[in-house]
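Below is protein.pdb, which holds PDB, C-alpha atoms (C1' of nucleotides).
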MODEL        1
ATOM      1  CA  MET A 831     120.808 114.493 101.842
ATOM      2  CA  THR A 832     119.328 112.546 104.729
ATOM      3  CA  THR A 833     117.956 109.072 104.232
ATOM      4  CA  ASP A 834     114.434 110.355 104.722
ATOM      5  CA  GLU A 835     114.877 113.091 102.162
ATOM      6  CA  LEU A 836     116.275 110.534  99.786
ATOM      7  CA  ALA A 837     113.315 108.269 100.479
ATOM      8  CA  GLU A 838     110.885 111.063  99.785
ATOM      9  CA  SER A 839     112.553 112.134  96.548
ATOM     10  CA  LEU A 840     112.889 108.593  95.329
ATOM     11  CA  SER A 841     109.274 107.864  96.134
ATOM     12  CA  LYS A 842     108.222 110.870  94.111
ATOM     13  CA  GLU A 843     110.349 110.009  91.083
ATOM     14  CA  LEU A 844     109.172 106.431  91.153
ATOM     15  CA  ARG A 845     105.606 107.615  90.883
ATOM     16  CA  HIS A 846     106.452 109.540  87.744
ATOM     17  CA  LEU A 847     108.408 106.684  86.233
ATOM     18  CA  VAL A 848     105.547 104.303  86.810
ATOM     19  CA  LEU A 849     103.232 106.650  84.971
ATOM     20  CA  LEU A 850     105.785 106.809  82.167
ATOM     21  CA  LEU A 851     105.927 103.053  81.730
ATOM     22  CA  ARG A 852     102.180 102.835  81.953
ATOM     23  CA  ARG A 853     101.954 105.168  79.007
ATOM     24  CA  ALA A 854     104.543 103.055  77.197
ATOM     25  CA  VAL A 855     102.355  99.976  77.125
ATOM     26  CA  ALA A 856      99.011 101.687  76.679
ATOM     27  CA  GLY A 857      97.328 100.148  73.652
ATOM     28  CA  GLN A 858      99.662  97.150  73.509
ATOM     29  CA  PRO A 859      98.042  93.792  72.766
ATOM     30  CA  VAL A 860      98.891  92.537  76.254
ATOM     31  CA  THR A 861      98.751  94.419  79.531
ATOM     32  CA  SER A 862     101.900  95.013  81.533
ATOM     33  CA  GLN A 863     100.910  92.327  84.018
ATOM     34  CA  GLN A 864     100.389  89.795  81.255
ATOM     35  CA  TYR A 865     103.716  90.804  79.782
ATOM     36  CA  ALA A 866     105.331  90.233  83.139
ATOM     37  CA  VAL A 867     103.826  86.751  83.398
ATOM     38  CA  LEU A 868     104.942  85.812  79.896
ATOM     39  CA  GLY A 869     108.423  86.983  80.867
ATOM     40  CA  SER A 870     108.475  84.597  83.796
ATOM     41  CA  LEU A 871     107.794  81.695  81.435
ATOM     42  CA  GLU A 872     110.610  82.484  79.063
ATOM     43  CA  ASP A 873     113.029  79.940  80.496
ATOM     44  CA  GLY A 874     110.595  77.039  80.583
ATOM     45  CA  PRO A 875     107.455  75.730  82.303
ATOM     46  CA  ARG A 876     106.624  76.953  85.778
ATOM     47  CA  ARG A 877     104.097  75.896  88.364
ATOM     48  CA  MET A 878     101.227  78.142  89.392
ATOM     49  CA  THR A 879     102.513  78.589  92.927
ATOM     50  CA  GLU A 880     105.930  79.673  91.709
ATOM     51  CA  LEU A 881     104.403  82.246  89.397
ATOM     52  CA  ALA A 882     102.148  83.672  92.080
ATOM     53  CA  GLU A 883     105.029  84.042  94.523
ATOM     54  CA  GLU A 884     107.329  85.583  91.969
ATOM     55  CA  HIS A 885     104.721  88.165  91.110
ATOM     56  CA  GLY A 886     103.718  88.821  94.678
ATOM     57  CA  VAL A 887     100.081  87.893  94.146
ATOM     58  CA  GLN A 888      97.775  85.253  95.557
ATOM     59  CA  LEU A 889      97.173  82.006  93.732
ATOM     60  CA  PRO A 890      93.633  82.845  92.602
ATOM     61  CA  THR A 891      94.923  85.993  90.949
ATOM     62  CA  MET A 892      97.432  83.972  88.993
ATOM     63  CA  THR A 893      94.770  81.450  88.029
ATOM     64  CA  VAL A 894      92.754  84.232  86.456
ATOM     65  CA  GLN A 895      95.786  85.687  84.687
ATOM     66  CA  ILE A 896      96.742  82.328  83.238
ATOM     67  CA  ASN A 897      93.156  81.690  82.159
ATOM     68  CA  ARG A 898      93.207  84.902  80.208
ATOM     69  CA  LEU A 899      96.522  84.032  78.572
ATOM     70  CA  GLU A 900      95.438  80.485  77.833
ATOM     71  CA  GLU A 901      92.227  81.460  76.113
ATOM     72  CA  PRO A 902      93.962  83.198  73.179
ATOM     73  CA  GLY A 903      96.611  80.444  73.105
ATOM     74  CA  LEU A 904      99.605  82.354  74.469
ATOM     75  CA  VAL A 905     100.314  79.801  77.189
ATOM     76  CA  ALA A 906      99.392  76.161  77.754
ATOM     77  CA  ARG A 907      98.733  74.287  80.969
ATOM     78  CA  GLY A 908     100.431  70.966  81.596
ATOM     79  CA  ALA A 909     100.712  68.421  84.382
ATOM     80  CA  ASP A 910     103.579  67.401  86.619
ATOM     81  CA  PRO A 911     104.063  63.635  86.198
ATOM     82  CA  ALA A 912     105.458  63.407  89.744
ATOM     83  CA  ASP A 913     102.606  65.227  91.513
ATOM     84  CA  ALA A 914      99.101  65.239  90.122
ATOM     85  CA  ARG A 915      98.135  68.325  92.143
ATOM     86  CA  VAL A 916     100.598  70.496  90.281
ATOM     87  CA  ARG A 917      99.693  72.364  87.104
ATOM     88  CA  THR A 918     102.543  73.645  84.994
ATOM     89  CA  VAL A 919     102.308  76.546  82.584
ATOM     90  CA  GLU A 920     104.438  77.129  79.532
ATOM     91  CA  LEU A 921     104.691  79.509  76.610
ATOM     92  CA  THR A 922     103.268  78.494  73.257
ATOM     93  CA  ASP A 923     105.065  79.580  70.086
ATOM     94  CA  GLU A 924     102.438  82.259  69.739
ATOM     95  CA  GLY A 925     103.080  83.408  73.287
ATOM     96  CA  ARG A 926     106.803  83.578  72.751
ATOM     97  CA  ALA A 927     106.351  85.676  69.626
ATOM     98  CA  ARG A 928     104.041  88.031  71.500
ATOM     99  CA  LEU A 929     106.519  88.324  74.342
ATOM    100  CA  VAL A 930     109.313  89.300  71.999
ATOM    101  CA  ALA A 931     107.162  91.868  70.217
ATOM    102  CA  VAL A 932     105.977  93.566  73.384
ATOM    103  CA  ARG A 933     109.421  93.548  74.894
ATOM    104  CA  ARG A 934     110.773  95.293  71.812
ATOM    105  CA  ALA A 935     108.126  97.983  72.092
ATOM    106  CA  ARG A 936     108.781  98.606  75.783
ATOM    107  CA  ILE A 937     112.529  98.657  75.460
ATOM    108  CA  ALA A 938     112.321 100.955  72.460
ATOM    109  CA  TYR A 939     110.098 103.378  74.340
ATOM    110  CA  LEU A 940     112.250 103.523  77.423
ATOM    111  CA  GLY A 941     115.368 103.495  75.250
ATOM    112  CA  ASP A 942     114.201 106.591  73.424
ATOM    113  CA  ARG A 943     113.766 108.367  76.727
ATOM    114  CA  LEU A 944     117.203 107.266  77.857
ATOM    115  CA  ASP A 945     118.696 108.497  74.609
ATOM    116  CA  ALA A 946     117.441 111.956  75.500
ATOM    117  CA  LEU A 947     119.608 111.973  78.615
ATOM    118  CA  THR A 948     123.235 113.021  78.617
ATOM    119  CA  PRO A 949     125.837 110.245  78.719
ATOM    120  CA  ALA A 950     126.635 111.267  82.282
ATOM    121  CA  GLU A 951     123.000 110.961  83.293
ATOM    122  CA  ARG A 952     122.748 107.510  81.710
ATOM    123  CA  GLU A 953     125.879 106.586  83.554
ATOM    124  CA  ALA A 954     124.330 107.732  86.823
ATOM    125  CA  VAL A 955     121.221 105.628  86.188
ATOM    126  CA  ALA A 956     123.341 102.596  85.316
ATOM    127  CA  ALA A 957     125.437 103.105  88.432
ATOM    128  CA  ALA A 958     122.323 103.195  90.612
ATOM    129  CA  LEU A 959     120.832  99.992  89.196
ATOM    130  CA  PRO A 960     122.501  97.555  91.617
ATOM    131  CA  ALA A 961     121.374  99.651  94.553
ATOM    132  CA  LEU A 962     117.836  99.859  93.180
ATOM    133  CA  ALA A 963     117.828  96.118  92.677
ATOM    134  CA  LYS A 964     118.886  95.565  96.273
ATOM    135  CA  LEU A 965     116.281  98.028  97.424
ATOM    136  CA  GLY A 966     113.486  96.377  95.498
ATOM    137  CA  ARG A 967     114.117  92.762  96.370
ATOM    138  CA  PRO A 968     114.330  92.261 100.072
TER     139      PRO A 968
ATOM    140  CA  MET B 896     125.989  98.761  78.780
ATOM    141  CA  THR B 897     123.956  99.731  75.721
ATOM    142  CA  THR B 898     120.956 101.992  76.041
ATOM    143  CA  ASP B 899     118.633  99.088  75.340
ATOM    144  CA  GLU B 900     120.226  96.939  77.992
ATOM    145  CA  LEU B 901     119.933  99.809  80.396
ATOM    146  CA  ALA B 902     116.289 100.245  79.423
ATOM    147  CA  GLU B 903     115.564  96.585  80.044
ATOM    148  CA  SER B 904     117.323  96.500  83.413
ATOM    149  CA  LEU B 905     115.707  99.698  84.558
ATOM    150  CA  SER B 906     112.286  98.472  83.489
ATOM    151  CA  LYS B 907     112.788  95.334  85.527
ATOM    152  CA  GLU B 908     113.972  97.111  88.652
ATOM    153  CA  LEU B 909     111.137  99.594  88.451
ATOM    154  CA  ARG B 910     108.659  96.750  88.482
ATOM    155  CA  HIS B 911     110.163  95.442  91.697
ATOM    156  CA  LEU B 912     110.263  98.869  93.297
ATOM    157  CA  VAL B 913     106.634  99.430  92.487
ATOM    158  CA  LEU B 914     105.735  96.169  94.180
ATOM    159  CA  LEU B 915     107.828  97.263  97.153
ATOM    160  CA  LEU B 916     105.986 100.526  97.579
ATOM    161  CA  ARG B 917     102.677  98.803  97.076
ATOM    162  CA  ARG B 918     103.516  96.538 100.000
ATOM    163  CA  ALA B 919     104.487  99.624 101.992
ATOM    164  CA  VAL B 920     100.971 100.959 101.935
ATOM    165  CA  ALA B 921      99.126  97.642 102.029
ATOM    166  CA  GLY B 922      96.666  97.819 104.884
ATOM    167  CA  GLN B 923      96.895 101.597 105.085
ATOM    168  CA  PRO B 924      93.582 103.419 105.289
ATOM    169  CA  VAL B 925      94.069 104.854 101.790
ATOM    170  CA  THR B 926      95.281 103.111  98.658
ATOM    171  CA  SER B 927      98.428 104.254  96.912
ATOM    172  CA  GLN B 928      96.397 105.983  94.207
ATOM    173  CA  GLN B 929      94.350 107.850  96.758
ATOM    174  CA  TYR B 930      97.541 108.837  98.525
ATOM    175  CA  ALA B 931      98.893 110.169  95.260
ATOM    176  CA  VAL B 932      95.783 112.281  94.717
ATOM    177  CA  LEU B 933      95.905 113.685  98.237
ATOM    178  CA  GLY B 934      99.530 114.601  97.592
ATOM    179  CA  SER B 935      98.541 116.646  94.561
ATOM    180  CA  LEU B 936      96.205 118.696  96.732
ATOM    181  CA  GLU B 937      98.783 119.580  99.332
ATOM    182  CA  ASP B 938      99.551 123.032  97.973
ATOM    183  CA  GLY B 939      95.946 124.141  97.589
ATOM    184  CA  PRO B 940      92.788 123.513  95.589
ATOM    185  CA  ARG B 941      93.064 122.043  92.115
ATOM    186  CA  ARG B 942      90.577 121.550  89.322
ATOM    187  CA  MET B 943      89.506 118.115  88.171
ATOM    188  CA  THR B 944      91.131 118.456  84.764
ATOM    189  CA  GLU B 945      94.475 119.383  86.286
ATOM    190  CA  LEU B 946      94.379 116.398  88.582
ATOM    191  CA  ALA B 947      93.478 113.995  85.800
ATOM    192  CA  GLU B 948      96.309 115.246  83.603
ATOM    193  CA  GLU B 949      98.851 115.165  86.385
ATOM    194  CA  HIS B 950      97.962 111.575  87.164
ATOM    195  CA  GLY B 951      97.811 110.494  83.565
ATOM    196  CA  VAL B 952      94.214 109.319  83.777
ATOM    197  CA  GLN B 953      90.987 110.304  82.083
ATOM    198  CA  LEU B 954      88.578 112.684  83.726
ATOM    199  CA  PRO B 955      85.970 110.074  84.611
ATOM    200  CA  THR B 956      88.609 108.128  86.487
ATOM    201  CA  MET B 957      89.454 111.177  88.549
ATOM    202  CA  THR B 958      85.767 111.794  89.190
ATOM    203  CA  VAL B 959      85.518 108.348  90.711
ATOM    204  CA  GLN B 960      88.661 108.827  92.780
ATOM    205  CA  ILE B 961      87.486 112.134  94.157
ATOM    206  CA  ASN B 962      84.055 110.697  94.917
ATOM    207  CA  ARG B 963      85.668 108.028  97.019
ATOM    208  CA  LEU B 964      87.794 110.570  98.859
ATOM    209  CA  GLU B 965      84.898 112.953  99.349
ATOM    210  CA  GLU B 966      82.603 110.376 100.884
ATOM    211  CA  PRO B 967      84.738 109.860 104.027
ATOM    212  CA  GLY B 968      85.438 113.619 104.152
ATOM    213  CA  LEU B 969      89.098 113.658 103.110
ATOM    214  CA  VAL B 970      88.543 116.189 100.336
ATOM    215  CA  ALA B 971      85.843 118.744  99.544
ATOM    216  CA  ARG B 972      84.568 119.955  96.211
ATOM    217  CA  GLY B 973      84.257 123.684  95.581
ATOM    218  CA  ALA B 974      83.396 126.000  92.715
ATOM    219  CA  ASP B 975      85.441 128.406  90.675
ATOM    220  CA  PRO B 976      83.786 131.836  90.963
ATOM    221  CA  ALA B 977      85.158 132.797  87.550
ATOM    222  CA  ASP B 978      83.880 129.777  85.624
ATOM    223  CA  ALA B 979      80.850 127.862  86.728
ATOM    224  CA  ARG B 980      81.852 124.749  84.772
ATOM    225  CA  VAL B 981      84.922 124.225  86.916
ATOM    226  CA  ARG B 982      84.878 122.135  90.091
ATOM    227  CA  THR B 983      87.757 122.600  92.459
ATOM    228  CA  VAL B 984      88.925 120.033  94.966
ATOM    229  CA  GLU B 985      90.752 120.694  98.195
ATOM    230  CA  LEU B 986      91.989 118.836 101.231
ATOM    231  CA  THR B 987      89.959 118.908 104.401
ATOM    232  CA  ASP B 988      91.763 118.979 107.757
ATOM    233  CA  GLU B 989      90.995 115.308 108.039
ATOM    234  CA  GLY B 990      92.454 114.702 104.577
ATOM    235  CA  ARG B 991      95.618 116.604 105.397
ATOM    236  CA  ALA B 992      96.109 114.618 108.565
ATOM    237  CA  ARG B 993      95.610 111.394 106.659
ATOM    238  CA  LEU B 994      98.088 112.499 104.016
ATOM    239  CA  VAL B 995     100.751 113.252 106.595
ATOM    240  CA  ALA B 996     100.214 109.921 108.335
ATOM    241  CA  VAL B 997     100.442 107.876 105.159
ATOM    242  CA  ARG B 998     103.427 109.814 103.936
ATOM    243  CA  ARG B 999     105.228 109.124 107.198
ATOM    244  CA  ALA B1000     104.562 105.424 106.801
ATOM    245  CA  ARG B1001     105.805 105.368 103.222
ATOM    246  CA  ILE B1002     108.900 107.393 103.929
ATOM    247  CA  ALA B1003     109.703 105.316 106.982
ATOM    248  CA  TYR B1004     109.305 102.107 105.030
ATOM    249  CA  LEU B1005     111.459 103.245 102.153
ATOM    250  CA  GLY B1006     113.884 104.861 104.565
ATOM    251  CA  ASP B1007     114.388 101.564 106.370
ATOM    252  CA  ARG B1008     115.181  99.925 103.070
ATOM    253  CA  LEU B1009     117.612 102.667 102.194
ATOM    254  CA  ASP B1010     119.284 102.306 105.568
ATOM    255  CA  ALA B1011     120.055  98.740 104.649
ATOM    256  CA  LEU B1012     122.116  99.898 101.683
ATOM    257  CA  THR B1013     125.746 100.853 101.925
ATOM    258  CA  PRO B1014     126.577 104.580 101.960
ATOM    259  CA  ALA B1015     128.022 104.185  98.475
ATOM    260  CA  GLU B1016     124.787 102.620  97.238
ATOM    261  CA  ARG B1017     122.701 105.408  98.733
ATOM    262  CA  GLU B1018     125.058 107.842  97.087
ATOM    263  CA  ALA B1019     124.521 106.148  93.743
ATOM    264  CA  VAL B1020     120.755 106.365  94.130
ATOM    265  CA  ALA B1021     120.940 110.029  95.090
ATOM    266  CA  ALA B1022     123.213 110.723  92.130
ATOM    267  CA  ALA B1023     120.743 109.098  89.754
ATOM    268  CA  LEU B1024     117.739 111.064  91.012
ATOM    269  CA  PRO B1025     118.075 114.037  88.666
ATOM    270  CA  ALA B1026     118.374 111.713  85.687
ATOM    271  CA  LEU B1027     115.368 109.693  86.832
ATOM    272  CA  ALA B1028     113.409 112.895  87.257
ATOM    273  CA  LYS B1029     114.263 113.967  83.723
ATOM    274  CA  LEU B1030     113.369 110.524  82.452
ATOM    275  CA  GLY B1031     110.026 110.456  84.165
ATOM    276  CA  ARG B1032     108.800 113.909  83.260
ATOM    277  CA  PRO B1033     109.056 114.472  79.560
TER     278      PRO B1033
ATOM    279  C1'  DC C1236      71.146 138.028  70.949
ATOM    280  C1'  DA C1237      70.316 133.226  68.902
ATOM    281  C1'  DG C1238      72.580 129.142  67.280
ATOM    282  C1'  DG C1239      76.157 126.287  67.382
ATOM    283  C1'  DC C1240      80.696 124.815  68.811
ATOM    284  C1'  DT C1241      83.885 123.966  72.691
ATOM    285  C1'  DA C1242      85.144 122.892  77.451
ATOM    286  C1'  DA C1243      84.448 120.819  82.253
ATOM    287  C1'  DG C1244      82.435 117.310  84.746
ATOM    288  C1'  DT C1245      79.480 113.424  85.743
ATOM    289  C1'  DT C1246      77.130 109.063  84.898
ATOM    290  C1'  DA C1247      76.828 104.441  83.040
ATOM    291  C1'  DG C1248      78.710 100.235  81.583
ATOM    292  C1'  DA C1249      82.611  97.216  80.816
ATOM    293  C1'  DC C1250      87.109  95.244  81.714
ATOM    294  C1'  DT C1251      91.587  94.148  84.379
ATOM    295  C1'  DG C1252      93.709  93.043  88.494
ATOM    296  C1'  DA C1253      93.593  92.042  93.082
ATOM    297  C1'  DC C1254      91.715  89.998  97.370
ATOM    298  C1'  DT C1255      89.351  86.413 100.659
ATOM    299  C1'  DA C1256      86.509  82.427 101.400
ATOM    300  C1'  DA C1257      85.173  78.121 100.151
ATOM    301  C1'  DC C1258      85.658  74.179  97.356
ATOM    302  C1'  DT C1259      88.042  69.909  94.920
ATOM    303  C1'  DA C1260      91.600  66.803  94.413
ATOM    304  C1'  DT C1261      95.893  64.910  95.644
ATOM    305  C1'  DG C1262      99.744  63.721  98.649
ATOM    306  C1'  DA C1263     101.867  62.527 103.147
ATOM    307  C1'  DC C1264     102.110  60.550 107.435
ATOM    308  C1'  DA C1265     100.850  58.461 111.999
TER     309       DA C1265
ATOM    310  C1'  DT D1164      93.076  54.041 106.881
ATOM    311  C1'  DG D1165      91.947  58.461 108.459
ATOM    312  C1'  DT D1166      93.444  63.006 109.082
ATOM    313  C1'  DC D1167      95.867  66.929 107.854
ATOM    314  C1'  DA D1168      98.546  69.669 104.484
ATOM    315  C1'  DT D1169      99.288  71.247  99.692
ATOM    316  C1'  DA D1170      97.990  72.826  94.790
ATOM    317  C1'  DG D1171      94.791  74.790  92.332
ATOM    318  C1'  DT D1172      90.110  76.535  90.895
ATOM    319  C1'  DT D1173      85.696  78.898  91.506
ATOM    320  C1'  DA D1174      82.788  82.528  93.244
ATOM    321  C1'  DG D1175      82.043  86.982  94.863
ATOM    322  C1'  DT D1176      83.727  91.616  95.896
ATOM    323  C1'  DC D1177      86.183  95.795  95.234
ATOM    324  C1'  DA D1178      89.522  99.410  93.220
ATOM    325  C1'  DG D1179      91.017 101.450  89.187
ATOM    326  C1'  DT D1180      90.757 102.299  84.583
ATOM    327  C1'  DC D1181      88.649 103.123  80.040
ATOM    328  C1'  DT D1182      85.108 104.824  76.391
ATOM    329  C1'  DA D1183      80.633 106.642  75.236
ATOM    330  C1'  DA D1184      77.035 109.535  76.163
ATOM    331  C1'  DC D1185      75.071 113.160  78.740
ATOM    332  C1'  DT D1186      74.602 117.929  81.178
ATOM    333  C1'  DT D1187      75.865 122.378  81.999
ATOM    334  C1'  DA D1188      78.370 126.505  81.037
ATOM    335  C1'  DG D1189      81.181 129.619  78.252
ATOM    336  C1'  DC D1190      82.353 131.637  73.763
ATOM    337  C1'  DC D1191      82.004 133.193  69.125
ATOM    338  C1'  DT D1192      79.884 134.458  64.904
ATOM    339  C1'  DG D1193      76.516 136.161  62.109
TER     340       DG D1193
ENDMDL
END
Representation of the structure as structure tokens:
Amino acid sequence: MTTDELAESLSKELRHLVLLLRRAVAGQPVTSQQYAVLGSLEDGPRRMTELAEEHGVQLPTMTVQINRLEEPGLVARGADPADARVRTVELTDEGRARLVAVRRARIAYLGDRLDALTPAEREAVAAALPALAKLGRP
Amino acid sequence: MTTDELAESLSKELRHLVLLLRRAVAGQPVTSQQYAVLGSLEDGPRRMTELAEEHGVQLPTMTVQINRLEEPGLVARGADPADARVRTVELTDEGRARLVAVRRARIAYLGDRLDALTPAEREAVAAALPALAKLGRP
DNA sequence: CAGGCTAAGTTAGACTGACTAACTATGACA
DNA sequence: TGTCATAGTTAGTCAGTCTAACTTAGCCTG
């Protein structure tokens, strides 16, 4: 298989997998983007700029996201004592609980699909993960 | 690796790959969704309902998408002679040309990334494709 | 063949997610 | 101290998605 054929096939499968995961979170209490943001806060407070960069979006987009998570009390804004321009964001207890719940649902959904594969197929997916990671994070 | 761990890792990598492909078409004359719709029309006319199902969206969403593709002349609506309720959609010459151009850009972008992997890594990705296909199309 | 149910699409209205441009407030440095 | 850079927010726009309600067409049953 040439690299271009591989690229084309991979591109096609990715489209289907994205649709799959979209279905997995349909109806969840947080959207997949909000879930992703909560996930970034799991290890402690982060600054707005960091979050925007990590998620590949502009700062204003992250401002809006955080506003929508702050309103129902899932995250809280704080200040950096060393630099008054910086706003930090951290999970509330409520936000952490929500994160865990949604993660369980997602993992369970994808896990069920993976269970339907043969052990050899799962092995192949696992073996490709490092390459996919390298591919996706330039 | 347990199935759940695999599910979590795969979910994470997919998110990054999606962002990658989104960057690939940023600035292109059609969005990635529009590209996907054009791709569905490559083998001939399709009906609205088919397109909506294939893309995992509701009919009204597809109506809007097709409207936006029809306005600049990339697709054309037709009628089914056997059933007057049915609208068909097909590529125009302009739409086909656009599809080919965008596809080239996507494939080239992803191909460059794949070239940066080791042969063994590309092999691992290729080996995982059938499993990913099975995963993504239940 | 008339009445009523079903199917295919469209329209309207709302929300999320994303962008750029323009603004405020703070820090840094010459 | 004055100017420029940095962090973030606000405002306005657009794509993409949904649900609800509507129109038109086909089908079936009495």
Here's the selection I'm unsure about, the PyMOL selection byres ((chain D and resi 1173-1189) around 8); applied to the file above, which residues does it give, as a PDB file with C-alpha atoms (C1' of nucleotides), in the frame of the given file?
ATOM      1  CA  VAL B 952      94.214 109.319  83.777  1.00  0.00           C
ATOM      2  CA  GLN B 953      90.987 110.304  82.083  1.00  0.00           C
ATOM      3  CA  THR B 956      88.609 108.128  86.487  1.00  0.00           C
ATOM      4  CA  ASP B 978      83.880 129.777  85.624  1.00  0.00           C
ATOM      5  CA  ALA B 979      80.850 127.862  86.728  1.00  0.00           C
ATOM      6  CA  ARG B 980      81.852 124.749  84.772  1.00  0.00           C
TER       7      ARG B 980
ATOM      8  C1'  DA C1242      85.144 122.892  77.451  1.00  0.00           C
ATOM      9  C1'  DT C1246      77.130 109.063  84.898  1.00  0.00           C
ATOM     10  C1'  DC C1258      85.658  74.179  97.356  1.00  0.00           C
TER      11       DC C1258
ATOM     12  C1'  DT D1172      90.110  76.535  90.895  1.00  0.00           C
ATOM     13  C1'  DC D1190      82.353 131.637  73.763  1.00  0.00           C
TER      14       DC D1190
END
TODO: Within 8 Å of chain A, which residues of chain B are there when counting all atoms listed in the file? Please give them as a ChimeraX atom specification.
DONE: /B:898-899,901-906,908-909,911-915,950-951,1002-1003,1005-1006,1008-1010,1012,1016-1017,1019-1032
Task: Evaluate the PyMOL selection byres ((chain B) within 9 of (chain C)) and report residues as a list in words - done: Met943, Thr944, Leu954, Pro955, Thr958, Arg980, Val981 and Arg982 of chain B
Task: For atom CA of A:Gly925 and atom CA of A:Val860, the interatomic separation in Å (one decimal) - done: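 Straight-line distance from atom CA of A:Gly925 to atom CA of A:Val860 works out to 10.5 Å.
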Task: Distance criterion (all atoms listed in the file): nearest to D:DG1171 out of A:Gln864, A:Ala882, A:Leu871, A:Ala906 - done: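 Ranking A:Gln864, A:Ala882, A:Leu871, A:Ala906 by distance to D:DG1171, first place goes to A:Ala882.
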